[in-house]
Amino acid sequence: MNPQAPKSAHSVDDRAGLTARDLMTPGVVAISVTARLPQAAEALTAHGIHAVMIINCDGRPAGWLTAHGLLKVSHPERGLAWAGDAIGEPVTTVHPHARREEVVRLLSQSGVSRLAVQERPEWMPEGVITDIDLAASVGEGA
């Protein structure tokens, strides 16, 4: 083993120091709980994302409407017409300064596929973390 060999972009030691803010994809696509399902579908496809955040009437996150969930509820016989009716996942939050280990722990919980990165519950999230964001943090050769 060559002790002088350069480390990868994110060595194991480097990854341990990453925070939620380092790992997140900035920004959140959000729509109102009163948006129609076609608007939700348009938001997903226009942004090329797998979920949109549903915001309740007081401006707080109510849950995630996922592409998979939208397919389940979009059958005409179900009678669901509103984005709020199609929430399929609760919002799980993480503080921007939380360490990578906390992010991994939260994303490992059953029913959690994304994390909203936000400092305070009454604020809109500043970003989102998914398993893809974690995979990107591994880097080459790690």
# chains A, B, ... in the order shown; residues from 1 in each chain; ligands from 1
$ residues_around --residues "stretch 102-115 of chain A" --least-positions-apart "6" --cutoff "9 Å" --atoms "only C-alpha atoms" --output "list in words"
Thr19, Ala20, Leu23, Met24, Ala51, Trp64, Glu89, Pro90, Val91, Thr92, Thr93, Val94, Gly127, Val128, Ile129, Thr130, Asp131 and Leu134 of chain A
$ write_last_selection --atoms "N, CA and C atoms" --output "mmCIF file, in the first residue's frame"
data_model
loop_
_atom_site.group_PDB
_atom_site.id
_atom_site.type_symbol
_atom_site.label_atom_id
_atom_site.label_comp_id
_atom_site.auth_asym_id
_atom_site.auth_seq_id
_atom_site.Cartn_x
_atom_site.Cartn_y
_atom_site.Cartn_z
ATOM 1 N N THR A 19 -22.255 17.145 5.873
ATOM 2 C CA THR A 19 -23.516 17.489 6.531
ATOM 3 C C THR A 19 -24.669 17.321 5.548
ATOM 4 N N ALA A 20 -25.883 17.416 6.074
ATOM 5 C CA ALA A 20 -27.069 17.332 5.226
ATOM 6 C C ALA A 20 -27.013 18.395 4.123
ATOM 7 N N LEU A 23 -24.904 17.263 1.300
ATOM 8 C CA LEU A 23 -25.447 16.122 0.563
ATOM 9 C C LEU A 23 -26.690 16.451 -0.255
ATOM 10 N N MET A 24 -27.415 17.488 0.120
ATOM 11 C CA MET A 24 -28.729 17.750 -0.470
ATOM 12 C C MET A 24 -28.648 18.242 -1.910
ATOM 13 N N ALA A 51 -40.874 13.206 -6.848
ATOM 14 C CA ALA A 51 -41.826 13.612 -5.809
ATOM 15 C C ALA A 51 -41.905 15.131 -5.735
ATOM 16 N N TRP A 64 -45.351 14.267 0.904
ATOM 17 C CA TRP A 64 -44.807 14.121 -0.448
ATOM 18 C C TRP A 64 -45.814 13.395 -1.328
ATOM 19 N N GLU A 89 -46.387 9.947 1.359
ATOM 20 C CA GLU A 89 -45.269 9.822 2.289
ATOM 21 C C GLU A 89 -45.223 11.066 3.172
ATOM 22 N N PRO A 90 -45.072 10.874 4.471
ATOM 23 C CA PRO A 90 -44.946 12.050 5.346
ATOM 24 C C PRO A 90 -43.610 12.747 5.111
ATOM 25 N N VAL A 91 -43.545 13.983 5.546
ATOM 26 C CA VAL A 91 -42.296 14.733 5.441
ATOM 27 C C VAL A 91 -41.424 14.387 6.646
ATOM 28 N N THR A 92 -40.250 13.873 6.358
ATOM 29 C CA THR A 92 -39.245 13.630 7.391
ATOM 30 C C THR A 92 -38.175 14.679 7.177
ATOM 31 N N THR A 93 -37.834 15.391 8.235
ATOM 32 C CA THR A 93 -36.887 16.494 8.103
ATOM 33 C C THR A 93 -35.553 16.168 8.758
ATOM 34 N N VAL A 94 -34.554 16.900 8.304
ATOM 35 C CA VAL A 94 -33.222 16.818 8.884
ATOM 36 C C VAL A 94 -32.657 18.236 8.906
ATOM 37 N N GLY A 127 -33.648 22.192 0.668
ATOM 38 C CA GLY A 127 -33.225 21.143 -0.248
ATOM 39 C C GLY A 127 -33.808 19.805 0.140
ATOM 40 N N VAL A 128 -33.445 18.796 -0.653
ATOM 41 C CA VAL A 128 -33.936 17.439 -0.472
ATOM 42 C C VAL A 128 -32.761 16.481 -0.562
ATOM 43 N N ILE A 129 -32.801 15.424 0.232
ATOM 44 C CA ILE A 129 -31.787 14.366 0.155
ATOM 45 C C ILE A 129 -32.496 13.052 -0.126
ATOM 46 N N THR A 130 -32.006 12.328 -1.141
ATOM 47 C CA THR A 130 -32.484 10.980 -1.442
ATOM 48 C C THR A 130 -31.296 10.024 -1.404
ATOM 49 N N ASP A 131 -31.575 8.760 -1.611
ATOM 50 C CA ASP A 131 -30.488 7.786 -1.648
ATOM 51 C C ASP A 131 -29.516 8.066 -2.791
ATOM 52 N N LEU A 134 -26.913 10.373 -1.513
ATOM 53 C CA LEU A 134 -25.939 9.655 -0.696
ATOM 54 C C LEU A 134 -24.962 8.879 -1.564
#
$ select_by_dssp --residues "stretch 37-126 of chain A" --states "strand (DSSP E)" --output "VMD selection string"
chain A and resid 51 to 55 61 to 66 93 to 94 114 to 117
$ select_by_dssp --residues "stretch 16-91 of chain A" --states "alpha helix (DSSP H)" --output "list in words"
Ala16, Ala20, Arg21, Asp22, Leu23, Leu37, Pro38, Gln39, Ala40, Ala41, Glu42, Ala43, Leu44, Thr45, Ala46, His47, Ala67, His68, Gly69, Leu70, Leu71, Lys72 and Val73 of chain A
$ closest_residue --among "A:Pro26, A:Gly69, A:Gly59, A:Gly88" --to "A:Val117" --atoms "only C-alpha atoms"
A:Pro26
$ closest_residue --among "A:Ala136, A:Ala62, A:Met124, A:Ile54" --to "A:Gly27" --atoms "only C-alpha atoms"
A:Met124
$ residues_around --residues "stretch 33-37 of chain A" --least-positions-apart "5" --cutoff "12 Å" --atoms "only C-alpha atoms" --output "JSON, numbers by chain"
{"A": [42, 43, 44, 52, 53, 54, 55, 56, 57, 58, 59, 60, 61, 62, 63, 64, 65, 66, 67, 69, 70, 71, 72, 73, 74, 75, 76, 79, 80, 81, 82, 83, 84, 85, 86, 87]}
$ residues_around --residues "A:Glu119" --least-positions-apart "4" --cutoff "8 Å" --atoms "only C-alpha atoms" --output "PDB file with all heavy atoms, in the first residue's frame"
ATOM      1  N   VAL A  94     -34.554  16.900   8.304  1.00  0.00           N
ATOM      2  CA  VAL A  94     -33.222  16.818   8.884  1.00  0.00           C
ATOM      3  C   VAL A  94     -32.657  18.236   8.906  1.00  0.00           C
ATOM      4  O   VAL A  94     -32.906  19.030   7.990  1.00  0.00           O
ATOM      5  CB  VAL A  94     -32.322  15.834   8.104  1.00  0.00           C
ATOM      6  CG1 VAL A  94     -32.051  16.309   6.685  1.00  0.00           C
ATOM      7  CG2 VAL A  94     -31.021  15.563   8.840  1.00  0.00           C
ATOM      8  N   HIS A  95     -31.943  18.559   9.960  1.00  0.00           N
ATOM      9  CA  HIS A  95     -31.322  19.881  10.083  1.00  0.00           C
ATOM     10  C   HIS A  95     -30.166  19.982   9.091  1.00  0.00           C
ATOM     11  O   HIS A  95     -29.458  18.997   8.863  1.00  0.00           O
ATOM     12  CB  HIS A  95     -30.827  20.096  11.515  1.00  0.00           C
ATOM     13  CG  HIS A  95     -30.460  21.512  11.793  1.00  0.00           C
ATOM     14  ND1 HIS A  95     -29.223  22.029  11.481  1.00  0.00           N
ATOM     15  CD2 HIS A  95     -31.177  22.531  12.329  1.00  0.00           C
ATOM     16  CE1 HIS A  95     -29.187  23.303  11.814  1.00  0.00           C
ATOM     17  NE2 HIS A  95     -30.372  23.631  12.335  1.00  0.00           N
ATOM     18  N   PRO A  96     -29.943  21.144   8.495  1.00  0.00           N
ATOM     19  CA  PRO A  96     -28.859  21.303   7.520  1.00  0.00           C
ATOM     20  C   PRO A  96     -27.477  20.920   8.046  1.00  0.00           C
ATOM     21  O   PRO A  96     -26.613  20.504   7.271  1.00  0.00           O
ATOM     22  CB  PRO A  96     -28.898  22.792   7.162  1.00  0.00           C
ATOM     23  CG  PRO A  96     -30.276  23.225   7.496  1.00  0.00           C
ATOM     24  CD  PRO A  96     -30.725  22.371   8.646  1.00  0.00           C
ATOM     25  N   TRP A 123     -40.312  26.944   8.346  1.00  0.00           N
ATOM     26  CA  TRP A 123     -39.653  27.403   7.124  1.00  0.00           C
ATOM     27  C   TRP A 123     -39.786  26.350   6.035  1.00  0.00           C
ATOM     28  O   TRP A 123     -39.879  25.156   6.302  1.00  0.00           O
ATOM     29  CB  TRP A 123     -38.177  27.663   7.368  1.00  0.00           C
ATOM     30  CG  TRP A 123     -37.868  28.781   8.308  1.00  0.00           C
ATOM     31  CD1 TRP A 123     -38.738  29.631   8.924  1.00  0.00           C
ATOM     32  CD2 TRP A 123     -36.570  29.174   8.745  1.00  0.00           C
ATOM     33  NE1 TRP A 123     -38.074  30.520   9.716  1.00  0.00           N
ATOM     34  CE2 TRP A 123     -36.733  30.253   9.617  1.00  0.00           C
ATOM     35  CE3 TRP A 123     -35.290  28.705   8.478  1.00  0.00           C
ATOM     36  CZ2 TRP A 123     -35.668  30.899  10.225  1.00  0.00           C
ATOM     37  CZ3 TRP A 123     -34.223  29.337   9.094  1.00  0.00           C
ATOM     38  CH2 TRP A 123     -34.411  30.429   9.945  1.00  0.00           C
ATOM     39  N   PRO A 125     -38.259  23.978   3.240  1.00  0.00           N
ATOM     40  CA  PRO A 125     -36.962  23.303   3.143  1.00  0.00           C
ATOM     41  C   PRO A 125     -36.057  23.997   2.133  1.00  0.00           C
ATOM     42  O   PRO A 125     -36.520  24.581   1.158  1.00  0.00           O
ATOM     43  CB  PRO A 125     -37.321  21.906   2.655  1.00  0.00           C
ATOM     44  CG  PRO A 125     -38.764  21.744   2.987  1.00  0.00           C
ATOM     45  CD  PRO A 125     -39.364  23.111   2.909  1.00  0.00           C
TER      46      PRO A 125
END
$ atom_distance --atom1 "atom CA of A:His68" --atom2 "atom CA of A:Asp22"
27.4 Å
$ atom_distance --atom1 "atom CA of A:Val28" --atom2 "atom CA of A:Arg100"
19.9 Å
$ closest_residue --among "A:Ala30, A:Ile132, A:Ala116, A:Ala98" --to "A:His47" --atoms "only C-alpha atoms"
A:Ala30
$ atom_distance --atom1 "atom CA of A:Gln118" --atom2 "atom CA of A:His97"
9.5 Å
